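K.L.:
run.cif (mmCIF, N, CA and C atoms and all ligand atoms) pasted underneath:
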data_protein
loop_
_atom_site.label_atom_id
_atom_site.label_comp_id
_atom_site.auth_asym_id
_atom_site.auth_seq_id
_atom_site.Cartn_x
_atom_site.Cartn_y
_atom_site.Cartn_z
N MET J 849 57.58 15.93 -91.61
CA MET J 849 56.57 15.92 -90.53
C MET J 849 55.52 17.00 -90.80
N ALA J 850 54.26 16.64 -90.69
CA ALA J 850 53.18 17.59 -90.98
C ALA J 850 53.27 18.80 -90.06
N ASP J 851 53.00 19.96 -90.62
CA ASP J 851 52.95 21.20 -89.85
C ASP J 851 54.28 21.64 -89.28
N CYS J 852 55.39 21.10 -89.78
CA CYS J 852 56.71 21.59 -89.35
C CYS J 852 57.21 22.52 -90.44
N ILE J 853 57.42 23.77 -90.06
CA ILE J 853 57.78 24.81 -91.04
C ILE J 853 59.13 24.51 -91.72
N PHE J 854 60.09 23.94 -90.96
CA PHE J 854 61.39 23.67 -91.58
C PHE J 854 61.34 22.41 -92.46
N CYS J 855 60.48 21.44 -92.14
CA CYS J 855 60.26 20.32 -93.06
C CYS J 855 59.70 20.85 -94.37
N LYS J 856 58.79 21.81 -94.28
CA LYS J 856 58.19 22.38 -95.50
C LYS J 856 59.22 23.17 -96.29
N ILE J 857 60.10 23.88 -95.61
CA ILE J 857 61.18 24.60 -96.31
C ILE J 857 62.11 23.58 -96.98
N ALA J 858 62.44 22.50 -96.26
CA ALA J 858 63.33 21.46 -96.82
C ALA J 858 62.70 20.80 -98.05
N ALA J 859 61.38 20.68 -98.05
CA ALA J 859 60.67 20.05 -99.17
C ALA J 859 60.39 21.04 -100.30
N GLY J 860 60.72 22.32 -100.09
CA GLY J 860 60.48 23.33 -101.12
C GLY J 860 59.04 23.81 -101.14
N GLU J 861 58.26 23.45 -100.12
CA GLU J 861 56.85 23.86 -100.09
C GLU J 861 56.68 25.29 -99.59
N ILE J 862 57.68 25.75 -98.81
CA ILE J 862 57.74 27.16 -98.38
C ILE J 862 59.05 27.71 -98.93
N PRO J 863 59.01 28.86 -99.60
CA PRO J 863 60.23 29.39 -100.20
C PRO J 863 61.25 29.84 -99.16
N SER J 864 62.52 29.75 -99.54
CA SER J 864 63.60 30.25 -98.68
C SER J 864 64.75 30.68 -99.59
N THR J 865 65.63 31.48 -99.03
CA THR J 865 66.82 31.88 -99.78
C THR J 865 67.93 30.90 -99.43
N LYS J 866 68.12 29.91 -100.31
CA LYS J 866 69.07 28.83 -100.02
C LYS J 866 70.50 29.29 -100.26
N VAL J 867 71.38 28.89 -99.37
CA VAL J 867 72.81 29.15 -99.61
C VAL J 867 73.59 27.84 -99.80
N TYR J 868 72.98 26.71 -99.43
CA TYR J 868 73.62 25.41 -99.64
C TYR J 868 72.54 24.33 -99.56
N GLU J 869 72.68 23.32 -100.40
CA GLU J 869 71.77 22.17 -100.31
C GLU J 869 72.46 20.93 -100.81
N ASP J 870 72.25 19.82 -100.12
CA ASP J 870 72.64 18.51 -100.64
C ASP J 870 71.56 17.51 -100.22
N GLU J 871 71.87 16.23 -100.27
CA GLU J 871 70.83 15.21 -100.01
C GLU J 871 70.28 15.24 -98.59
N THR J 872 71.13 15.63 -97.64
CA THR J 872 70.72 15.51 -96.23
C THR J 872 70.61 16.83 -95.48
N VAL J 873 71.15 17.91 -96.06
CA VAL J 873 71.27 19.17 -95.34
C VAL J 873 70.82 20.33 -96.21
N LEU J 874 70.23 21.34 -95.56
CA LEU J 874 69.87 22.58 -96.25
C LEU J 874 70.33 23.76 -95.38
N ALA J 875 70.87 24.80 -96.04
CA ALA J 875 71.20 26.05 -95.35
C ALA J 875 70.50 27.18 -96.08
N PHE J 876 69.88 28.06 -95.31
CA PHE J 876 69.12 29.17 -95.90
C PHE J 876 69.18 30.37 -94.97
N LYS J 877 68.90 31.55 -95.55
CA LYS J 877 68.99 32.78 -94.77
C LYS J 877 67.85 32.88 -93.77
N ASP J 878 68.18 33.30 -92.56
CA ASP J 878 67.15 33.51 -91.54
C ASP J 878 66.26 34.68 -91.95
N LEU J 879 64.96 34.53 -91.71
CA LEU J 879 63.97 35.55 -92.05
C LEU J 879 64.18 36.84 -91.25
N ASP J 880 64.73 36.71 -90.07
CA ASP J 880 64.87 37.86 -89.15
C ASP J 880 66.33 37.91 -88.67
N PRO J 881 67.24 38.34 -89.58
CA PRO J 881 68.67 38.22 -89.28
C PRO J 881 69.12 39.01 -88.04
N GLN J 882 69.94 38.37 -87.23
CA GLN J 882 70.48 38.98 -86.01
C GLN J 882 71.94 39.39 -86.16
N ALA J 883 72.46 39.29 -87.36
CA ALA J 883 73.85 39.67 -87.66
C ALA J 883 73.91 39.90 -89.17
N PRO J 884 74.95 40.57 -89.66
CA PRO J 884 75.04 40.82 -91.10
C PRO J 884 74.91 39.53 -91.93
N THR J 885 75.50 38.45 -91.44
CA THR J 885 75.27 37.12 -92.03
C THR J 885 74.57 36.26 -90.99
N HIS J 886 73.40 35.72 -91.35
CA HIS J 886 72.67 34.85 -90.42
C HIS J 886 71.97 33.77 -91.25
N VAL J 887 72.56 32.60 -91.26
CA VAL J 887 71.95 31.48 -91.97
C VAL J 887 71.58 30.38 -90.97
N LEU J 888 70.62 29.59 -91.36
CA LEU J 888 70.20 28.43 -90.57
C LEU J 888 70.61 27.19 -91.33
N ILE J 889 71.22 26.25 -90.64
CA ILE J 889 71.61 24.98 -91.26
C ILE J 889 70.78 23.89 -90.59
N ILE J 890 70.06 23.15 -91.42
CA ILE J 890 69.14 22.13 -90.88
C ILE J 890 69.37 20.77 -91.56
N PRO J 891 69.08 19.70 -90.80
CA PRO J 891 68.98 18.39 -91.48
C PRO J 891 67.66 18.35 -92.22
N LYS J 892 67.60 17.72 -93.38
CA LYS J 892 66.32 17.59 -94.09
C LYS J 892 65.38 16.65 -93.32
N GLU J 893 66.00 15.67 -92.66
CA GLU J 893 65.23 14.75 -91.82
C GLU J 893 64.70 15.51 -90.61
N HIS J 894 63.46 15.23 -90.20
CA HIS J 894 62.92 15.90 -89.03
C HIS J 894 63.53 15.33 -87.75
N ILE J 895 64.31 16.15 -87.07
CA ILE J 895 64.80 15.86 -85.71
C ILE J 895 64.32 17.05 -84.89
N ALA J 896 63.61 16.82 -83.82
CA ALA J 896 62.91 17.92 -83.13
C ALA J 896 63.87 18.90 -82.48
N SER J 897 64.93 18.41 -81.86
CA SER J 897 65.83 19.32 -81.14
C SER J 897 67.15 18.61 -80.87
N ALA J 898 68.10 19.36 -80.30
CA ALA J 898 69.40 18.77 -79.95
C ALA J 898 69.24 17.67 -78.91
N ALA J 899 68.15 17.72 -78.15
CA ALA J 899 67.91 16.68 -77.14
C ALA J 899 67.50 15.35 -77.79
N ASP J 900 67.24 15.39 -79.09
CA ASP J 900 66.82 14.17 -79.80
C ASP J 900 67.93 13.60 -80.68
N ILE J 901 69.16 14.11 -80.53
CA ILE J 901 70.29 13.56 -81.29
C ILE J 901 70.72 12.26 -80.62
N SER J 902 70.90 11.23 -81.43
CA SER J 902 71.25 9.91 -80.91
C SER J 902 72.30 9.27 -81.81
N THR J 903 72.77 8.10 -81.41
CA THR J 903 73.74 7.36 -82.23
C THR J 903 73.20 7.15 -83.65
N GLU J 904 71.89 6.95 -83.74
CA GLU J 904 71.27 6.65 -85.04
C GLU J 904 71.28 7.85 -85.99
N ASN J 905 71.15 9.06 -85.45
CA ASN J 905 70.99 10.21 -86.36
C ASN J 905 72.10 11.25 -86.27
N SER J 906 73.15 10.98 -85.49
CA SER J 906 74.15 12.03 -85.23
C SER J 906 75.08 12.31 -86.41
N ALA J 907 75.13 11.41 -87.40
CA ALA J 907 76.04 11.65 -88.53
C ALA J 907 75.70 12.95 -89.25
N VAL J 908 74.42 13.28 -89.32
CA VAL J 908 74.03 14.51 -90.02
C VAL J 908 74.54 15.75 -89.28
N VAL J 909 74.71 15.64 -87.98
CA VAL J 909 75.22 16.79 -87.21
C VAL J 909 76.68 17.05 -87.57
N ALA J 910 77.45 15.99 -87.69
CA ALA J 910 78.84 16.15 -88.14
C ALA J 910 78.87 16.76 -89.53
N HIS J 911 77.97 16.32 -90.38
CA HIS J 911 77.91 16.86 -91.74
C HIS J 911 77.54 18.34 -91.73
N ILE J 912 76.63 18.71 -90.85
CA ILE J 912 76.24 20.13 -90.73
C ILE J 912 77.46 20.98 -90.40
N PHE J 913 78.33 20.49 -89.54
CA PHE J 913 79.53 21.27 -89.20
C PHE J 913 80.54 21.30 -90.35
N GLU J 914 80.58 20.26 -91.15
CA GLU J 914 81.41 20.32 -92.38
C GLU J 914 80.86 21.39 -93.32
N VAL J 915 79.54 21.42 -93.46
CA VAL J 915 78.90 22.42 -94.32
C VAL J 915 79.18 23.83 -93.78
N ALA J 916 79.11 23.98 -92.46
CA ALA J 916 79.37 25.30 -91.86
C ALA J 916 80.79 25.77 -92.18
N ALA J 917 81.75 24.89 -92.10
CA ALA J 917 83.14 25.27 -92.39
C ALA J 917 83.28 25.71 -93.85
N LYS J 918 82.63 24.96 -94.73
CA LYS J 918 82.64 25.31 -96.16
C LYS J 918 81.95 26.66 -96.38
N LEU J 919 80.79 26.85 -95.73
CA LEU J 919 80.06 28.12 -95.89
C LEU J 919 80.84 29.30 -95.33
N SER J 920 81.63 29.05 -94.28
CA SER J 920 82.39 30.17 -93.68
C SER J 920 83.34 30.77 -94.70
N ARG J 921 83.84 29.92 -95.60
CA ARG J 921 84.72 30.43 -96.67
C ARG J 921 83.90 31.11 -97.76
N GLU J 922 82.82 30.48 -98.15
CA GLU J 922 81.99 31.05 -99.23
C GLU J 922 81.33 32.36 -98.82
N LEU J 923 80.97 32.48 -97.55
CA LEU J 923 80.29 33.69 -97.07
C LEU J 923 81.30 34.71 -96.52
N GLU J 924 82.58 34.39 -96.68
CA GLU J 924 83.68 35.29 -96.31
C GLU J 924 83.66 35.65 -94.83
N LEU J 925 83.45 34.64 -94.00
CA LEU J 925 83.48 34.84 -92.55
C LEU J 925 84.87 34.48 -92.02
N ASP J 926 85.89 35.03 -92.71
CA ASP J 926 87.28 34.67 -92.39
C ASP J 926 87.69 35.13 -90.99
N ASN J 927 86.98 36.14 -90.48
CA ASN J 927 87.35 36.67 -89.17
C ASN J 927 86.65 35.93 -88.03
N GLY J 928 85.86 34.93 -88.37
CA GLY J 928 85.18 34.13 -87.34
C GLY J 928 83.68 34.20 -87.47
N PHE J 929 83.04 33.39 -86.67
CA PHE J 929 81.57 33.30 -86.71
C PHE J 929 81.13 32.59 -85.45
N ARG J 930 79.82 32.55 -85.26
CA ARG J 930 79.27 31.82 -84.11
C ARG J 930 78.20 30.86 -84.61
N ILE J 931 78.21 29.64 -84.07
CA ILE J 931 77.15 28.68 -84.34
C ILE J 931 76.37 28.48 -83.05
N VAL J 932 75.06 28.65 -83.15
CA VAL J 932 74.19 28.58 -81.97
C VAL J 932 73.09 27.55 -82.21
N ASN J 933 72.84 26.75 -81.19
CA ASN J 933 71.66 25.89 -81.21
C ASN J 933 70.83 26.21 -79.97
N ASN J 934 69.60 26.62 -80.18
CA ASN J 934 68.67 26.84 -79.08
C ASN J 934 67.87 25.56 -78.90
N CYS J 935 67.83 25.06 -77.66
CA CYS J 935 67.14 23.78 -77.41
C CYS J 935 66.12 23.94 -76.29
N GLY J 936 64.88 23.63 -76.63
CA GLY J 936 63.84 23.57 -75.61
C GLY J 936 63.40 24.93 -75.11
N GLU J 937 62.57 24.90 -74.09
CA GLU J 937 61.96 26.14 -73.58
C GLU J 937 63.00 27.07 -72.99
N ASP J 938 63.87 26.56 -72.12
CA ASP J 938 64.89 27.43 -71.52
C ASP J 938 65.88 27.93 -72.56
N GLY J 939 66.11 27.13 -73.59
CA GLY J 939 67.02 27.54 -74.66
C GLY J 939 66.38 28.47 -75.67
N MET J 940 65.09 28.76 -75.46
CA MET J 940 64.33 29.69 -76.34
C MET J 940 64.23 29.17 -77.77
N GLN J 941 64.06 27.84 -77.90
CA GLN J 941 63.84 27.27 -79.24
C GLN J 941 62.42 27.58 -79.68
N SER J 942 62.28 28.21 -80.84
CA SER J 942 60.93 28.57 -81.31
C SER J 942 60.45 27.69 -82.45
N VAL J 943 61.36 27.07 -83.19
CA VAL J 943 60.97 26.14 -84.27
C VAL J 943 61.46 24.75 -83.86
N GLN J 944 60.51 23.81 -83.78
CA GLN J 944 60.82 22.49 -83.22
C GLN J 944 61.35 21.53 -84.29
N HIS J 945 62.34 21.98 -85.01
CA HIS J 945 63.08 21.16 -85.99
C HIS J 945 64.53 21.59 -85.82
N LEU J 946 65.40 20.65 -85.54
CA LEU J 946 66.80 20.95 -85.24
C LEU J 946 67.39 21.92 -86.26
N HIS J 947 68.03 22.97 -85.75
CA HIS J 947 68.68 23.94 -86.65
C HIS J 947 69.82 24.60 -85.91
N PHE J 948 70.83 24.96 -86.70
CA PHE J 948 71.99 25.65 -86.16
C PHE J 948 72.05 27.02 -86.81
N HIS J 949 72.07 28.05 -85.96
CA HIS J 949 72.24 29.41 -86.46
C HIS J 949 73.72 29.62 -86.74
N MET J 950 74.06 30.14 -87.91
CA MET J 950 75.44 30.53 -88.20
C MET J 950 75.43 32.05 -88.38
N LEU J 951 76.11 32.72 -87.47
CA LEU J 951 76.08 34.17 -87.40
C LEU J 951 77.48 34.73 -87.58
N GLY J 952 77.56 35.81 -88.34
CA GLY J 952 78.88 36.42 -88.52
C GLY J 952 78.78 37.77 -89.18
N GLY J 953 79.95 38.36 -89.40
CA GLY J 953 80.01 39.66 -90.07
C GLY J 953 80.12 40.81 -89.10
N LYS J 954 80.14 40.51 -87.81
CA LYS J 954 80.38 41.53 -86.80
C LYS J 954 80.90 40.85 -85.53
N LYS J 955 81.50 41.65 -84.65
CA LYS J 955 82.01 41.11 -83.38
C LYS J 955 80.82 40.82 -82.47
N MET J 956 80.79 39.60 -81.92
CA MET J 956 79.68 39.18 -81.08
C MET J 956 79.89 39.63 -79.63
N GLY J 957 78.80 39.67 -78.87
CA GLY J 957 78.89 39.86 -77.43
C GLY J 957 78.96 38.51 -76.72
N TRP J 958 79.36 38.53 -75.46
CA TRP J 958 79.36 37.33 -74.63
C TRP J 958 79.27 37.75 -73.18
N PRO J 959 78.48 37.14 -72.30
CA PRO J 959 77.67 35.95 -72.54
C PRO J 959 76.42 36.25 -73.35
N PRO J 960 75.76 35.21 -73.87
CA PRO J 960 74.66 35.42 -74.79
C PRO J 960 73.31 35.68 -74.11
N TYR J 961 73.22 35.54 -72.79
CA TYR J 961 71.93 35.75 -72.13
C TYR J 961 71.85 37.15 -71.56
N ALA J 962 70.64 37.67 -71.52
CA ALA J 962 70.45 39.06 -71.08
C ALA J 962 69.81 39.14 -69.70
N GLU J 963 68.90 38.24 -69.39
CA GLU J 963 68.14 38.37 -68.16
C GLU J 963 68.85 37.71 -66.98
N GLU J 964 68.23 37.80 -65.80
CA GLU J 964 68.84 37.28 -64.58
C GLU J 964 69.09 35.77 -64.68
N LYS J 965 70.10 35.32 -63.93
CA LYS J 965 70.44 33.89 -63.96
C LYS J 965 69.51 33.10 -63.05
P1 LIG U 1001 65.02 29.41 -82.79
O1 LIG U 1001 64.42 30.56 -82.04
O2 LIG U 1001 64.07 28.23 -82.82
O3 LIG U 1001 66.39 29.04 -82.35
O4 LIG U 1001 65.24 29.92 -84.27
C1 LIG U 1001 64.25 29.90 -85.26
C2 LIG U 1001 64.71 30.83 -86.32
O5 LIG U 1001 63.96 30.56 -87.50
C3 LIG U 1001 64.49 32.32 -86.00
O6 LIG U 1001 65.74 32.99 -86.07
C4 LIG U 1001 63.51 32.80 -87.07
O7 LIG U 1001 63.80 34.10 -87.53
C5 LIG U 1001 63.69 31.76 -88.16
N1 LIG U 1001 62.51 31.50 -88.95
C6 LIG U 1001 61.27 31.20 -88.49
N2 LIG U 1001 60.42 30.99 -89.50
C7 LIG U 1001 61.15 31.14 -90.64
C8 LIG U 1001 60.82 31.02 -92.04
O8 LIG U 1001 59.70 30.73 -92.43
N3 LIG U 1001 61.83 31.25 -92.92
C9 LIG U 1001 63.10 31.57 -92.52
N4 LIG U 1001 64.01 31.78 -93.47
N5 LIG U 1001 63.44 31.67 -91.21
C10 LIG U 1001 62.47 31.45 -90.29
ZN ZN U 1002 60.58 19.23 -89.32
#
Let me see the structure of the file written as structure tokens.
P.N.:
Amino acid sequence: MADCIFCKIAAGEIPSTKVYEDETVLAFKDLDPQAPTHVLIIPKEHIASAADISTENSAVVAHIFEVAAKLSRELELDNGFRIVNNCGEDGMQSVQHLHFHMLGGKKMGWPPYAEEK
């Protein structure tokens, strides 16, 4: 999709530090890491957000979680990790191409929101 930064990363038009790639999925290091390990796992196909997952395109989401499990071993996240998807304005999604944050390497806080409910 034109002007989508993650489509451009998937196409190799914008450089990224890749940690995994296959025909349908790419994982790369987040530019602004929020944990010692912070990678983004994306479908190469443009899906705008989690609200756009449907019967037609959901297989790639299952595959993304298979990749995450494999990466957890390769990135030595044996003590656990967190997978986050921000969706839409309230979810604070800033890039409108479906992506899953995989965070690890330190103990996380919970709940994840800071401001008033
Ligand atoms: P969101 O806020 O949409 O859930 O997450 C978008 C993430 O993409 C942010 O963590 C941000 O640091 C990351 N990001 C934005 N632009 C780029 C980029 O050009 N390269 C990389 N590697 N990460 C990016
Ligand atoms: Zn895109």
K.L.:
Ranking J:Arg921, J:Cys855, J:Ser897, J:Asp926 by minimum distance to His947 (chain J) and counting all atoms listed in the file, which one comes first?
P.N.:
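Once distances to His947 (chain J) are computed over all atoms listed in the file, the minimum belongs to J:Ser897.
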K.L.:
Using only C-alpha atoms and all ligand atoms, which of J:Ala896, J:Ile889, J:Leu879, J:Leu874 sits nearest ligand ZN 1002 (chain U)?
P.N.:
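That would be J:Ala896, the residue with the smallest distance to ligand ZN 1002 (chain U).
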K.L.:
Residues within 10 Å of Asn934 (chain J), please, as a PyMOL selection string. Count only C-alpha atoms; anything in the same chain fewer than 4 positions from it doesn't count.
P.N.:
chain J and resi 897-898+938-944+946-949
K.L.:
Fewer than 2 positions away in the same chain doesn't count, so skip those; otherwise give me all residues within 10 Å of Leu923 (chain J), counting only C-alpha atoms, as a ChimeraX atom specification.
P.N.:
/J:867,885,916,918-921,925-926,952-953
K.L.:
Give me the residues within 6 Å of Asp878 (chain J) as a PyMOL selection string, counting all atoms listed in the file and dropping any in the same chain fewer than 6 places off.
P.N.:
chain J and resi 886-888
K.L.:
Using only C-alpha atoms and all ligand atoms, which residues have at least one atom no more than 9 Å from ligand ZN 1002 (chain U)? Output them as a list in words.
P.N.:
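Residues lying within 9 Å of ligand ZN 1002 (chain U): Met849, Ala850, Asp851, Cys852, Ile853, Phe854, Cys855, Lys856, Ile857, Ala858, Pro891, Lys892, Glu893, His894, Ile895, Ala896, Val943, Gln944, His945 and Leu946 of chain J.
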K.L.:
Please identify all polymer residues within 7 Å of Ile912 (chain J), counting all atoms listed in the file, omitting same-chain residues fewer than 3 positions from it, and present them as a list in words.
P.N.:
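In the requested format, the answer is Val873, Ile889, Ile890, Ala907, Val908, Val909, Val915, Ala916 and Ala917 of chain J.
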K.L.:
Any idea what the distance is between CA of Asp880 (chain J) and atom C4 of ligand LIG 1001 (chain U)?
P.N.:
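Between CA of Asp880 (chain J) and atom C4 of ligand LIG 1001 (chain U) the gap works out to 5.6 Å.
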K.L.:
Extending 3 Å beyond the listed atoms of ligand LIG 1001 (chain U) on each side, what axis-aligned box results? I want centre and edge lengths in Å to one decimal, as lines of an AutoDock Vina configuration file.
P.N.:
center_x = 63.0
center_y = 31.2
center_z = -87.8
size_x = 12.7
size_y = 11.9
size_z = 17.4
K.L.:
Figure out the distance between CA of Ala899 (chain J) and atom C of Cys935 (chain J), please, to one decimal in Å.
P.N.:
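Computing it gives 7.5 Å between the two atoms.
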K.L.:
Work out how far CA of Thr903 (chain J) is from atom C6 of ligand LIG 1001 (chain U), in Å to one decimal.
P.N.:
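Going from atom C6 of ligand LIG 1001 (chain U) over to CA of Thr903 (chain J) covers 27.6 Å.
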K.L.:
Please return as an MDAnalysis selection string every residue within 7 Å of (67.9, 29.7, -98.3), taking into account only C-alpha atoms and the file's own coordinates.
P.N.:
chainID J and resid 864:867 875:877
K.L.:
Just asking: which residues within chain J are strand (DSSP E or B) according to DSSP, as an MDAnalysis selection string?
P.N.:
chainID J and resid 866:869 873:877 885:891 929:932 948:952
K.L.:
For a quick check of understanding, using only C-alpha atoms and all ligand atoms, which of J:Glu922, J:His911, J:Gly936, J:Asn927 has the smallest distance to ligand LIG 1001 (chain U)?
P.N.:
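Closest residue, counting only C-alpha atoms and all ligand atoms: J:Gly936.
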